[in-house]
Every structure is written in C-alpha cells, then in structure tokens.
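Q: Next comes coords-v3.csv, CSV, C-alpha atoms:
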```csv
chain,number,residue,atom,x,y,z
A,1,MET,CA,-54.4,53.9,-66.4
A,2,ARG,CA,-52.7,57.2,-65.6
A,3,ILE,CA,-50.5,58.7,-68.4
A,4,GLY,CA,-47.3,60.6,-67.5
A,5,TYR,CA,-44.2,61.7,-69.2
A,6,PHE,CA,-40.8,60.1,-69.3
A,7,LEU,CA,-37.9,62.6,-69.1
A,8,ALA,CA,-34.8,61.3,-70.9
A,9,SER,CA,-31.7,62.5,-69.0
A,10,GLU,CA,-29.6,60.9,-71.7
A,11,GLU,CA,-30.9,63.3,-74.3
A,12,PHE,CA,-31.5,66.6,-72.6
A,13,ASP,CA,-29.7,69.0,-70.2
A,14,PRO,CA,-31.4,69.8,-66.9
A,15,VAL,CA,-32.8,73.1,-68.0
A,16,GLU,CA,-34.6,71.4,-70.9
A,17,SER,CA,-35.8,68.6,-68.6
A,18,VAL,CA,-37.4,71.1,-66.2
A,19,ARG,CA,-39.0,72.8,-69.2
A,20,GLN,CA,-40.4,69.5,-70.4
A,21,ALA,CA,-41.7,68.7,-66.9
A,22,ARG,CA,-43.6,72.1,-67.0
A,23,LEU,CA,-45.0,71.1,-70.5
A,24,ALA,CA,-46.2,67.8,-69.1
A,25,GLU,CA,-48.0,69.7,-66.2
A,26,ASP,CA,-49.4,72.2,-68.6
A,27,HIS,CA,-50.9,69.4,-70.7
A,28,ALA,CA,-52.7,67.8,-67.7
A,29,MET,CA,-50.2,65.2,-66.8
A,30,SER,CA,-49.6,64.7,-63.0
A,31,SER,CA,-46.4,62.7,-62.9
A,32,VAL,CA,-43.1,62.1,-64.7
A,33,TRP,CA,-40.4,59.5,-64.8
A,34,ILE,CA,-36.8,60.6,-65.1
A,35,SER,CA,-33.8,58.4,-66.0
A,36,ASP,CA,-30.7,58.2,-63.8
A,37,HIS,CA,-27.5,57.8,-65.8
A,38,PHE,CA,-23.8,58.8,-65.6
A,39,HIS,CA,-23.4,58.2,-69.4
A,40,PRO,CA,-25.9,58.4,-72.3
A,41,TRP,CA,-26.3,55.1,-74.1
A,42,THR,CA,-24.6,56.7,-77.2
A,43,GLY,CA,-22.9,59.9,-78.1
A,44,GLU,CA,-25.8,60.8,-80.3
A,45,GLN,CA,-28.0,61.2,-77.3
A,46,GLY,CA,-25.5,63.6,-75.9
A,47,GLN,CA,-26.4,64.4,-72.3
A,48,SER,CA,-26.3,63.0,-68.8
A,49,PRO,CA,-26.7,65.5,-66.0
A,50,PHE,CA,-26.7,64.5,-62.3
A,51,VAL,CA,-30.4,63.5,-61.9
A,52,TRP,CA,-30.8,64.5,-58.2
A,53,THR,CA,-30.2,68.1,-59.0
A,54,THR,CA,-32.7,68.0,-61.8
A,55,ILE,CA,-35.2,66.3,-59.5
A,56,GLY,CA,-35.0,69.0,-56.9
A,57,ALA,CA,-35.6,71.6,-59.6
A,58,ILE,CA,-38.6,69.8,-61.0
A,59,LEU,CA,-40.2,69.3,-57.6
A,60,GLN,CA,-39.9,73.0,-56.9
A,61,ALA,CA,-40.9,74.2,-60.4
A,62,THR,CA,-44.0,72.0,-60.7
A,63,SER,CA,-46.6,70.1,-58.7
A,64,LEU,CA,-45.8,66.9,-60.5
A,65,HIS,CA,-45.0,63.5,-58.9
A,66,VAL,CA,-41.5,62.4,-59.8
A,67,THR,CA,-40.1,58.9,-60.0
A,68,THR,CA,-36.6,57.8,-60.9
A,69,ALA,CA,-36.6,55.2,-63.7
A,70,VAL,CA,-34.4,53.9,-62.4
A,71,THR,CA,-31.6,54.5,-59.9
A,72,CYS,CA,-29.0,51.9,-59.3
A,73,PRO,CA,-28.1,52.1,-55.6
A,74,THR,CA,-25.4,49.5,-55.5
A,75,VAL,CA,-22.0,50.5,-57.1
A,76,ARG,CA,-21.7,54.1,-58.4
A,77,ILE,CA,-23.5,55.5,-55.3
A,78,HIS,CA,-23.6,53.8,-51.9
A,79,PRO,CA,-27.2,53.0,-50.8
A,80,ALA,CA,-26.9,55.2,-47.7
A,81,ILE,CA,-26.3,58.2,-50.0
A,82,VAL,CA,-29.2,57.2,-52.3
A,83,ALA,CA,-31.4,57.0,-49.1
A,84,GLN,CA,-30.4,60.6,-48.2
A,85,ALA,CA,-31.0,61.9,-51.7
A,86,ALA,CA,-34.4,60.2,-51.9
A,87,ALA,CA,-35.4,61.4,-48.5
A,88,THR,CA,-34.5,65.0,-49.4
A,89,ALA,CA,-36.5,64.7,-52.6
A,90,GLY,CA,-39.4,63.4,-50.6
A,91,VAL,CA,-39.2,66.5,-48.4
A,92,LEU,CA,-38.9,68.9,-51.4
A,93,GLY,CA,-41.9,67.2,-53.1
A,94,GLU,CA,-44.0,66.9,-49.9
A,95,GLY,CA,-44.7,63.3,-50.8
A,96,ARG,CA,-44.5,63.7,-54.5
A,97,PHE,CA,-41.4,61.4,-55.0
A,98,THR,CA,-40.9,57.7,-55.6
A,99,LEU,CA,-37.5,56.0,-55.7
A,100,GLY,CA,-37.4,53.6,-58.6
A,101,VAL,CA,-34.5,51.2,-58.3
A,102,GLY,CA,-32.8,48.6,-60.5
A,103,SER,CA,-29.7,46.4,-60.7
A,104,GLY,CA,-28.0,48.8,-63.1
A,105,GLU,CA,-25.8,48.7,-66.1
A,106,ALA,CA,-22.0,48.6,-66.5
A,107,LEU,CA,-22.4,51.7,-68.7
A,108,ASN,CA,-23.0,53.8,-65.6
A,109,GLU,CA,-21.5,51.8,-62.7
A,110,HIS,CA,-18.1,50.8,-63.9
A,111,ILE,CA,-16.8,54.3,-63.7
A,112,VAL,CA,-15.7,53.9,-60.0
A,113,GLY,CA,-13.5,50.9,-60.9
A,114,GLY,CA,-13.7,47.2,-60.2
A,115,ALA,CA,-15.3,44.3,-62.0
A,116,TRP,CA,-19.0,44.4,-63.0
A,117,PRO,CA,-20.8,41.7,-61.1
A,118,GLY,CA,-22.9,38.9,-62.7
A,119,ALA,CA,-26.7,39.1,-62.7
A,120,ASP,CA,-27.3,37.0,-59.6
A,121,VAL,CA,-24.7,39.1,-57.5
A,122,ARG,CA,-26.2,42.3,-58.8
A,123,LEU,CA,-29.7,41.2,-57.5
A,124,GLU,CA,-28.1,40.2,-54.1
A,125,MET,CA,-26.6,43.7,-53.9
A,126,LEU,CA,-29.8,45.4,-54.8
A,127,GLU,CA,-31.8,43.4,-52.2
A,128,GLU,CA,-29.3,44.4,-49.5
A,129,ALA,CA,-29.2,48.0,-50.8
A,130,VAL,CA,-33.0,48.3,-50.5
A,131,GLU,CA,-32.7,46.9,-46.9
A,132,VAL,CA,-30.2,49.6,-46.0
A,133,ILE,CA,-32.3,52.3,-47.6
A,134,ARG,CA,-35.5,51.2,-45.7
A,135,LYS,CA,-33.6,51.1,-42.4
A,136,LEU,CA,-32.4,54.7,-42.9
A,137,PHE,CA,-35.9,55.8,-43.9
A,138,THR,CA,-37.0,55.0,-40.3
A,139,GLY,CA,-34.9,57.8,-38.9
A,140,ALA,CA,-33.1,55.5,-36.6
A,141,VAL,CA,-29.3,55.2,-36.2
A,142,VAL,CA,-28.2,52.4,-38.5
A,143,ASP,CA,-25.3,50.1,-38.1
A,144,HIS,CA,-25.2,47.6,-40.9
A,145,ARG,CA,-22.6,44.9,-41.7
A,146,GLY,CA,-23.8,42.9,-44.7
A,147,ALA,CA,-22.3,40.8,-47.5
A,148,HIS,CA,-21.9,43.9,-49.7
A,149,TYR,CA,-22.3,47.1,-47.6
A,150,VAL,CA,-21.2,48.6,-44.4
A,151,VAL,CA,-23.1,51.4,-42.7
A,152,ASP,CA,-21.4,52.9,-39.6
A,153,HIS,CA,-23.7,54.8,-37.2
A,154,ALA,CA,-25.7,56.6,-39.9
A,155,ARG,CA,-28.9,58.5,-39.3
A,156,LEU,CA,-31.0,60.6,-41.7
A,157,TYR,CA,-32.2,63.8,-40.0
A,158,THR,CA,-34.1,65.2,-42.9
A,159,LEU,CA,-37.0,62.9,-43.7
A,160,PRO,CA,-40.4,63.3,-45.3
A,161,GLU,CA,-43.6,62.7,-43.2
A,162,ASN,CA,-43.9,59.2,-44.8
A,163,PRO,CA,-41.2,57.0,-46.1
A,164,VAL,CA,-40.5,57.4,-49.8
A,165,PRO,CA,-42.1,54.5,-51.8
A,166,ILE,CA,-39.6,52.2,-53.5
A,167,PHE,CA,-40.5,50.7,-56.9
A,168,MET,CA,-38.2,48.1,-58.6
A,169,SER,CA,-37.6,47.3,-62.2
A,170,GLY,CA,-37.5,43.7,-63.3
A,171,PHE,CA,-36.6,42.5,-66.8
A,172,GLY,CA,-36.2,38.8,-66.0
A,173,ALA,CA,-38.0,36.2,-63.9
A,174,LYS,CA,-35.6,36.5,-60.9
A,175,SER,CA,-35.7,40.3,-60.8
A,176,ALA,CA,-39.5,40.4,-61.2
A,177,ALA,CA,-39.9,37.9,-58.3
A,178,LEU,CA,-37.5,39.9,-56.2
A,179,ALA,CA,-39.5,43.1,-56.9
A,180,GLY,CA,-42.6,41.4,-55.7
A,181,ARG,CA,-40.9,40.5,-52.4
A,182,ILE,CA,-39.1,43.7,-51.6
A,183,ALA,CA,-40.6,46.6,-53.5
A,184,ASP,CA,-43.7,48.8,-53.1
A,185,GLY,CA,-44.4,48.7,-56.9
A,186,PHE,CA,-43.1,47.3,-60.2
A,187,VAL,CA,-41.4,49.1,-63.1
A,188,ASN,CA,-41.0,47.8,-66.6
A,189,THR,CA,-40.9,48.8,-70.2
A,190,LYS,CA,-42.8,45.9,-71.8
A,191,PRO,CA,-46.3,44.5,-71.3
A,192,ASP,CA,-44.8,41.1,-70.6
A,193,ALA,CA,-47.4,38.8,-69.1
A,194,GLY,CA,-44.7,36.4,-67.7
A,195,LEU,CA,-42.9,39.1,-65.8
A,196,ILE,CA,-46.1,40.5,-64.4
A,197,SER,CA,-47.1,37.1,-63.2
A,198,GLU,CA,-43.8,36.6,-61.5
A,199,PHE,CA,-44.2,39.9,-59.8
A,200,ARG,CA,-47.7,39.3,-58.6
A,201,SER,CA,-47.2,35.7,-57.5
A,202,ASN,CA,-44.2,36.6,-55.3
A,203,GLY,CA,-45.8,39.2,-53.1
A,204,GLY,CA,-46.7,41.9,-55.7
A,205,ALA,CA,-50.4,41.2,-56.0
A,206,GLY,CA,-52.2,44.5,-55.5
A,207,LYS,CA,-49.1,46.6,-55.7
A,208,PRO,CA,-48.9,49.3,-58.4
A,209,MET,CA,-47.2,48.6,-61.7
A,210,ALA,CA,-45.7,51.4,-63.8
A,211,ALA,CA,-44.4,51.1,-67.4
A,212,GLY,CA,-42.5,53.3,-69.9
A,213,MET,CA,-42.7,53.4,-73.6
A,214,LYS,CA,-41.0,55.4,-76.4
A,215,VAL,CA,-42.6,57.1,-79.3
A,216,CYS,CA,-41.5,59.6,-82.0
A,217,TRP,CA,-44.0,62.1,-83.2
A,218,ALA,CA,-43.0,63.6,-86.5
A,219,PRO,CA,-44.8,65.1,-89.5
A,220,THR,CA,-44.2,61.8,-91.3
A,221,ALA,CA,-43.7,58.2,-90.2
A,222,ASP,CA,-40.4,58.1,-92.1
A,223,GLU,CA,-39.0,61.1,-90.3
A,224,GLY,CA,-40.1,59.6,-86.9
A,225,ALA,CA,-38.5,56.3,-87.7
A,226,GLU,CA,-35.3,57.9,-88.8
A,227,THR,CA,-35.1,60.0,-85.6
A,228,ALA,CA,-35.9,57.1,-83.4
A,229,HIS,CA,-33.3,54.9,-85.0
A,230,ARG,CA,-30.6,57.5,-85.0
A,231,VAL,CA,-31.2,58.4,-81.3
A,232,TRP,CA,-32.5,55.2,-79.6
A,233,ALA,CA,-31.4,52.2,-81.7
A,234,ASN,CA,-29.9,50.8,-78.5
A,235,GLN,CA,-33.3,49.9,-77.1
A,236,ALA,CA,-33.4,47.0,-79.7
A,237,LEU,CA,-30.2,45.3,-78.5
A,238,PRO,CA,-31.0,41.8,-77.4
A,239,GLY,CA,-30.3,39.9,-74.2
A,240,GLU,CA,-28.0,41.3,-71.5
A,241,LEU,CA,-26.1,43.6,-73.8
A,242,ALA,CA,-27.6,46.7,-72.2
A,243,GLN,CA,-26.4,45.5,-68.8
A,244,VAL,CA,-22.9,44.5,-69.7
A,245,LEU,CA,-21.6,46.8,-72.4
A,246,PRO,CA,-19.4,49.3,-70.5
A,247,THR,CA,-19.1,52.5,-72.6
A,248,PRO,CA,-21.1,54.6,-75.1
A,249,GLU,CA,-18.5,53.7,-77.7
A,250,HIS,CA,-19.4,50.0,-77.3
A,251,PHE,CA,-23.1,50.8,-77.7
A,252,GLU,CA,-22.3,52.8,-80.8
A,253,GLN,CA,-20.6,49.8,-82.3
A,254,ALA,CA,-23.5,47.5,-81.3
A,255,VAL,CA,-26.3,49.6,-82.7
A,256,THR,CA,-24.8,49.4,-86.2
A,257,LEU,CA,-26.3,45.9,-86.2
A,258,VAL,CA,-29.8,47.3,-85.5
A,259,PRO,CA,-31.8,47.9,-88.8
A,260,ARG,CA,-34.0,50.9,-89.1
A,261,GLU,CA,-37.0,48.7,-89.8
A,262,MET,CA,-36.7,47.0,-86.3
A,263,ILE,CA,-37.1,50.4,-84.6
A,264,ALA,CA,-39.9,51.5,-87.1
A,265,ASN,CA,-41.8,48.3,-86.2
A,266,THR,CA,-41.6,48.6,-82.5
A,267,VAL,CA,-41.7,52.4,-81.8
A,268,PRO,CA,-44.9,54.3,-82.7
A,269,CYS,CA,-43.8,57.0,-85.1
A,270,GLY,CA,-45.3,59.8,-87.2
A,271,PRO,CA,-48.6,61.7,-87.1
A,272,ASP,CA,-51.1,58.9,-87.1
A,273,PRO,CA,-52.5,58.3,-83.6
A,274,ALA,CA,-53.5,54.7,-84.3
A,275,PRO,CA,-50.2,53.0,-83.6
A,276,TYR,CA,-49.7,55.0,-80.4
A,277,LEU,CA,-53.2,54.0,-79.1
A,278,GLU,CA,-52.6,50.4,-80.0
A,279,SER,CA,-49.3,50.4,-78.0
A,280,ILE,CA,-50.9,52.2,-75.1
A,281,LYS,CA,-53.7,49.6,-75.0
A,282,THR,CA,-51.3,46.7,-74.6
A,283,TYR,CA,-50.0,48.2,-71.4
A,284,ALA,CA,-53.5,48.9,-70.1
A,285,ASP,CA,-54.6,45.3,-71.0
A,286,ALA,CA,-51.5,43.9,-69.2
A,287,GLY,CA,-52.7,45.6,-66.0
A,288,PHE,CA,-50.3,48.6,-65.6
A,289,ASP,CA,-51.6,51.4,-63.4
A,290,GLU,CA,-49.3,54.1,-64.9
A,291,LEU,CA,-47.7,54.6,-68.3
A,292,TYR,CA,-44.9,57.1,-69.0
A,293,ILE,CA,-44.4,58.1,-72.6
A,294,GLN,CA,-41.0,59.4,-73.9
A,295,GLN,CA,-40.9,61.4,-77.1
A,296,ILE,CA,-37.6,60.7,-78.8
A,297,GLY,CA,-35.8,63.7,-80.3
A,298,PRO,CA,-36.3,67.4,-80.5
A,299,ARG,CA,-40.0,67.7,-81.3
A,300,GLN,CA,-41.1,67.9,-77.7
A,301,ASP,CA,-43.6,70.7,-78.0
A,302,ASP,CA,-45.1,69.1,-81.1
A,303,PHE,CA,-45.6,65.9,-79.2
A,304,PHE,CA,-47.5,67.5,-76.4
A,305,THR,CA,-49.8,69.3,-78.9
A,306,PHE,CA,-50.3,65.9,-80.6
A,307,PHE,CA,-51.0,64.2,-77.2
A,308,THR,CA,-53.6,66.8,-76.2
A,309,LYS,CA,-55.4,67.0,-79.6
A,310,GLU,CA,-55.1,63.5,-80.9
A,311,LEU,CA,-54.3,61.0,-78.2
A,312,GLU,CA,-55.9,62.2,-75.0
A,313,PRO,CA,-59.4,62.5,-76.4
A,314,GLN,CA,-59.3,58.8,-77.5
A,315,LEU,CA,-57.7,57.3,-74.4
A,316,GLY,CA,-60.9,56.9,-72.6
A,317,ALA,CA,-62.2,54.7,-75.4
```
As structure tokens, what does this structure read like?
A:
Amino acid sequence: MRIGYFLASEEFDPVESVRQARLAEDHAMSSVWISDHFHPWTGEQGQSPFVWTTIGAILQATSLHVTTAVTCPTVRIHPAIVAQAAATAGVLGEGRFTLGVGSGEALNEHIVGGAWPGADVRLEMLEEAVEVIRKLFTGAVVDHRGAHYVVDHARLYTLPENPVPIFMSGFGAKSAALAGRIADGFVNTKPDAGLISEFRSNGGAGKPMAAGMKVCWAPTADEGAETAHRVWANQALPGELAQVLPTPEHFEQAVTLVPREMIANTVPCGPDPAPYLESIKTYADAGFDELYIQQIGPRQDDFFTFFTKELEPQLGA
C-alpha cells in the first residue's frame, strides 16, 4: 500500500499547501490528496482557497501525483467546467492528476442558491455529471440534453495525452455501488468491508481503492487530542449531517455535542507510533492500494519528521 499525504484546504492557505506538498515529496511520498471546498467545515479551520489554482501550483512545484478528494461536479460548478479544469491539470501534471468526485455537501454547494437535493437525486446528478465529463475528455464536440445538465456545442481543446482518471467517493451502499459502475477507482475514509464489497461487486473488482485518514502528531497524546478535537471535531458527526448542514456556523453548533474522548479514541494522536501503525494496518487489511494521511493542526514539519523516523521504517512490517 502506497502512503501519500492529504492536504487540507480547509486549514491552510495555498502557499502553505504548496509548501506541505514539497515536504511530502522531500519525505519520499509520491502523491497527495487535496480537498475541494468553498467553505471550511468550521471557522476554527479558517481557510478555503480555490483548489484548482493550488493544484496548478503543486503540479508545477513538485513531481507529485495529485488527486482531488473530492470535487463535487454537480451544483457549485457545472460538470463541463470541472472537465476543463481537470483536463488542464492533466496537461500541467503530464499525467500526474486524478479527478476524485463525490456527491457533495450543502456546506459548499448551497452558495449558488436553490434547494439542496436529496441523496438519491444527488447521485443521479453525479452519474450524469461524470457522463458529461467523460464525453468532453474525448475531445469531441459535445451536445448534451440530460435530466440535470445541458451542454451546448462544447469542446475541450486542451487535453492531456490520456484521459484523466476519475475516482469516486462512496459512503453508503448506493454510492459505493455507483462508484463501481462509473468510476475508475474508489475513494473512502473508512476501512468499511461492506462498502468495499459493494464497490467490488458492482464493477469495481480490480480497480484501485484509495483512502484517507487523519492523525495528530504532538509531543503528548493529550495535546494531540486537544488539537484534533478543536480543529476537526466535525468528522465525528453522525449520519448525513456532514452532507446537509449548510454553513460553518451550523457545524460549529453541532460539534459542541462531540466529546473530546470520541476524537481521542478514533484519531491517532501523540508521539507513540503504535496507534498510527494499527490504524494504517486496518486500511491495508481492507485492501486499499493507497492511503493518504492528514496531520491535523500546525505541527506539519514535526509530523513529517515523525513519519520518516518512526512510521516509515515500520510500515514494511
């Protein structure tokens, strides 16, 4: 299983994200994920730059492979524009770019107005959006009249040598099955055997699977847990809350219900490599080909030192 780094657009400005990408490359990582948000989850995270500008900078500043984790190509940005952005990134990276897509969150998509669709409609929209993107990736003139999108005589003139791969996230059985049918790979954040089975049994067998996990290196486990809880308590919110809450202010209200112990028990924290290695092993055992690790909070350089000295030597075992 290949280990890469997960760049958090919600926490860091584009200059710092490029610096972290260079750190990842300097520490022998060959690939990064980067999140695509209009808003951070909470004001505590504090950033949210336009990801496509950052991607271009990373592809020019490093030799890393970059994947969006993930882009919603359905509401905030029309799929034809996402296709153009992804194709341009593919050219800049000379094949070192993958478009990760998902059905999105109201947090980022409601900003252009209108009601936020239900889950089934969001998946319908995503399936049609991927169809539009793949048509445009051929370089042909595209006219499309679908249930959700219209494309009027559009053609991409700037294209990479090979079409950009499309990976899809799936956090429920329906989305995992759809990913198996329409995507080139699977994206998730949990080593969930049921979702992996849905993906594989619906056309995903043999396709790559990539996962992301959060950690918080700190000099003590208590400091790590405190930072992780302060910055990323939103990851413990249950059910569909992450998809339907519309504003950072709503998330800030919701995370007051998340106890610190819940984060401390689910996010590897502190200086001991054992919980990190145990968590990494669960993803390897589940069958993921790639794992992207996100260090929560400001101790980025310290994490990479820890990774090189403490984690990487033991990963082979």
Q: For the interface of region 130-206 of chain A with region 61-78 of chain A (cut-off 12 Å, counting only C-alpha atoms), please tabulate each contacting residue of region 130-206 of chain A alongside its nearest pair of atoms and their separation in Å to one decimal, rows sorted by chain and increasing number, as CSV.
A:
```
residue,atom,partner,partner_atom,distance
A:Val130,CA,A:Pro73,CA,8.0
A:Glu131,CA,A:Pro73,CA,11.1
A:Val132,CA,A:His78,CA,9.8
A:Ile133,CA,A:Pro73,CA,9.0
A:His148,CA,A:Thr74,CA,8.8
A:Tyr149,CA,A:His78,CA,8.1
A:Val150,CA,A:His78,CA,9.4
A:Val151,CA,A:His78,CA,9.5
A:Val164,CA,A:Thr67,CA,10.3
A:Pro165,CA,A:Thr67,CA,9.5
A:Ile166,CA,A:Thr67,CA,9.3
A:Phe167,CA,A:Thr67,CA,8.8
A:Met168,CA,A:Val70,CA,7.9
A:Ser169,CA,A:Val70,CA,7.3
A:Gly170,CA,A:Val70,CA,10.7
A:Gly185,CA,A:Thr67,CA,11.5
A:Phe186,CA,A:Ala69,CA,10.8
A:Val187,CA,A:Ala69,CA,7.8
A:Asn188,CA,A:Ala69,CA,9.1
A:Thr189,CA,A:Ala69,CA,10.1
```
Q: Using only C-alpha atoms, which residues sit within 12 Å of Leu23 (chain A) once same-chain residues fewer than 6 positions away are excluded, as a PyMOL selection string?
A: chain A and resi 4-7+16-17+29-32+58+61-64+300-305+307-308
Q: Keeping C-alpha atoms for every residue in the selection just given, could you write it to a file as a PDB file, in the frame of the given file?
A:
```pdb
ATOM      1  CA  GLY A   4     -47.300  60.600 -67.500  1.00  0.00           C
ATOM      2  CA  TYR A   5     -44.200  61.700 -69.200  1.00  0.00           C
ATOM      3  CA  PHE A   6     -40.800  60.100 -69.300  1.00  0.00           C
ATOM      4  CA  LEU A   7     -37.900  62.600 -69.100  1.00  0.00           C
ATOM      5  CA  GLU A  16     -34.600  71.400 -70.900  1.00  0.00           C
ATOM      6  CA  SER A  17     -35.800  68.600 -68.600  1.00  0.00           C
ATOM      7  CA  MET A  29     -50.200  65.200 -66.800  1.00  0.00           C
ATOM      8  CA  SER A  30     -49.600  64.700 -63.000  1.00  0.00           C
ATOM      9  CA  SER A  31     -46.400  62.700 -62.900  1.00  0.00           C
ATOM     10  CA  VAL A  32     -43.100  62.100 -64.700  1.00  0.00           C
ATOM     11  CA  ILE A  58     -38.600  69.800 -61.000  1.00  0.00           C
ATOM     12  CA  ALA A  61     -40.900  74.200 -60.400  1.00  0.00           C
ATOM     13  CA  THR A  62     -44.000  72.000 -60.700  1.00  0.00           C
ATOM     14  CA  SER A  63     -46.600  70.100 -58.700  1.00  0.00           C
ATOM     15  CA  LEU A  64     -45.800  66.900 -60.500  1.00  0.00           C
ATOM     16  CA  GLN A 300     -41.100  67.900 -77.700  1.00  0.00           C
ATOM     17  CA  ASP A 301     -43.600  70.700 -78.000  1.00  0.00           C
ATOM     18  CA  ASP A 302     -45.100  69.100 -81.100  1.00  0.00           C
ATOM     19  CA  PHE A 303     -45.600  65.900 -79.200  1.00  0.00           C
ATOM     20  CA  PHE A 304     -47.500  67.500 -76.400  1.00  0.00           C
ATOM     21  CA  THR A 305     -49.800  69.300 -78.900  1.00  0.00           C
ATOM     22  CA  PHE A 307     -51.000  64.200 -77.200  1.00  0.00           C
ATOM     23  CA  THR A 308     -53.600  66.800 -76.200  1.00  0.00           C
TER      24      THR A 308
END
```
Q: With only C-alpha atoms as the counted atoms, please give the residues lying no more than 12 Å from Val141 (chain A), apart from itself and same-chain residues fewer than 3 positions off, as number ranges by chain.
A: A: 80, 132, 135-138, 144, 151-157
Q: Write to file, as a CSV table (one decimal), in the frame of the given file, the residues of the selection just made, with C-alpha atoms.
A:
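Once everything was written out, this is result-v3.csv:
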```csv
chain,number,residue,atom,x,y,z
A,80,ALA,CA,-26.9,55.2,-47.7
A,132,VAL,CA,-30.2,49.6,-46.0
A,135,LYS,CA,-33.6,51.1,-42.4
A,136,LEU,CA,-32.4,54.7,-42.9
A,137,PHE,CA,-35.9,55.8,-43.9
A,138,THR,CA,-37.0,55.0,-40.3
A,144,HIS,CA,-25.2,47.6,-40.9
A,151,VAL,CA,-23.1,51.4,-42.7
A,152,ASP,CA,-21.4,52.9,-39.6
A,153,HIS,CA,-23.7,54.8,-37.2
A,154,ALA,CA,-25.7,56.6,-39.9
A,155,ARG,CA,-28.9,58.5,-39.3
A,156,LEU,CA,-31.0,60.6,-41.7
A,157,TYR,CA,-32.2,63.8,-40.0
```
Q: Would you work out the distance separating CA of Asn202 (chain A) from CA of Ala173 (chain A), expressed in Å to one decimal?
A: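 About the pair CA of Asn202 (chain A) and CA of Ala173 (chain A): they are 10.6 Å apart.
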Q: Please identify all polymer residues within 12 Å of Arg200 (chain A), counting all atoms listed in the file, omitting same-chain residues fewer than 2 positions from it, and present them as a VMD selection string.
A: chain A and resid 173 176 to 186 193 to 198 202 to 209 287 to 288
Q: Would you kindly return, as a list in words, each protein, DNA or RNA residue with an atom no farther than 6 Å from any atom of region 265-272 of chain A, considering all atoms listed in the file and excluding same-chain residues fewer than 5 positions away?
A: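 The filter keeps Val215, Cys216, Trp217, Ala218, Pro219, Thr220, Ala221, Gly224 and Ala225 of chain A.
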Q: What is the CA of Leu159 (chain A)-CA of Val82 (chain A) distance in Å, reported with one decimal?
A: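 Computed distance, CA of Leu159 (chain A) to CA of Val82 (chain A), equals 12.9 Å.
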Q: In Å, how far is it from CA of Ser175 (chain A) to CA of Glu128 (chain A)?
A: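 Result for CA of Ser175 (chain A) versus CA of Glu128 (chain A): 13.6 Å, one decimal.
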Q: Which neighbours of Met262 (chain A) fall inside 12 Å, counting all atoms listed in the file, when residues of the same chain fewer than 5 positions from it are skipped, and could you give them as a ChimeraX atom specification?
A: /A:225-226,228-229,232-238,255,257,267-268
Q: Output the selection as a compact mmCIF listing (two decimals), in the frame of the given file - C-alpha atoms for each residue.
A:
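Generated file (again.txt):
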```
# COMPACT_ATOMS: atom_id res chain seq x y z
CA ALA A 225 -38.50 56.30 -87.70
CA GLU A 226 -35.30 57.90 -88.80
CA ALA A 228 -35.90 57.10 -83.40
CA HIS A 229 -33.30 54.90 -85.00
CA TRP A 232 -32.50 55.20 -79.60
CA ALA A 233 -31.40 52.20 -81.70
CA ASN A 234 -29.90 50.80 -78.50
CA GLN A 235 -33.30 49.90 -77.10
CA ALA A 236 -33.40 47.00 -79.70
CA LEU A 237 -30.20 45.30 -78.50
CA PRO A 238 -31.00 41.80 -77.40
CA VAL A 255 -26.30 49.60 -82.70
CA LEU A 257 -26.30 45.90 -86.20
CA VAL A 267 -41.70 52.40 -81.80
CA PRO A 268 -44.90 54.30 -82.70
```
Q: Which of these, A:Arg2, A:Arg19, A:Arg134, A:Lys174, has the shortest distance to Arg122 (chain A) once you count only C-alpha atoms?
A: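 Looking only at the distances to Arg122 (chain A), the closest residue turns out to be A:Lys174.
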Q: Around the point (-48.1, 50.5, -74.4), in the coordinates given by the file, pick out the residues reaching within 10 Å, counting only C-alpha atoms, and return them as a ChimeraX atom specification.
A: /A:189-191,211-215,267-268,275-286,288,291-293
Q: Which residue, A:Pro163, A:Gly172, A:Pro298, A:Gly46, has the smallest gap to Glu94 (chain A) when you use only C-alpha atoms?
A: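 Going through A:Pro163, A:Gly172, A:Pro298, A:Gly46 one by one, the smallest distance to Glu94 (chain A) is for A:Pro163.
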Q: Please rebuild region 288-297 of chain A with N, CA, C and O atoms and give the result as a compact mmCIF listing (two decimals), in the coordinates of the input.
A:
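Now in rebuild18.txt:
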```txt
# COMPACT_ATOMS: atom_id res chain seq x y z
N PHE A 288 -51.10 47.46 -66.15
CA PHE A 288 -50.30 48.60 -65.60
C PHE A 288 -51.22 49.69 -65.13
O PHE A 288 -52.21 50.01 -65.79
N ASP A 289 -50.86 50.28 -64.01
CA ASP A 289 -51.60 51.40 -63.40
C ASP A 289 -51.18 52.73 -64.02
O ASP A 289 -51.96 53.69 -64.06
N GLU A 290 -49.90 52.82 -64.42
CA GLU A 290 -49.30 54.10 -64.90
C GLU A 290 -48.49 53.75 -66.16
O GLU A 290 -47.83 52.71 -66.23
N LEU A 291 -48.51 54.68 -67.12
CA LEU A 291 -47.70 54.60 -68.30
C LEU A 291 -47.02 55.90 -68.58
O LEU A 291 -47.69 56.93 -68.61
N TYR A 292 -45.70 55.86 -68.78
CA TYR A 292 -44.90 57.10 -69.00
C TYR A 292 -44.39 57.05 -70.43
O TYR A 292 -43.68 56.12 -70.82
N ILE A 293 -44.73 58.07 -71.19
CA ILE A 293 -44.40 58.10 -72.60
C ILE A 293 -43.21 59.06 -72.83
O ILE A 293 -43.21 60.20 -72.35
N GLN A 294 -42.23 58.57 -73.56
CA GLN A 294 -41.00 59.40 -73.90
C GLN A 294 -41.06 59.70 -75.38
O GLN A 294 -41.06 58.81 -76.23
N GLN A 295 -41.07 60.99 -75.70
CA GLN A 295 -40.90 61.40 -77.10
C GLN A 295 -39.43 61.50 -77.41
O GLN A 295 -38.65 62.22 -76.77
N ILE A 296 -39.01 60.74 -78.39
CA ILE A 296 -37.60 60.70 -78.80
C ILE A 296 -37.33 61.93 -79.69
O ILE A 296 -38.10 62.25 -80.59
N GLY A 297 -36.22 62.59 -79.42
CA GLY A 297 -35.80 63.70 -80.30
C GLY A 297 -36.27 65.03 -79.93
O GLY A 297 -36.84 65.24 -78.86
```
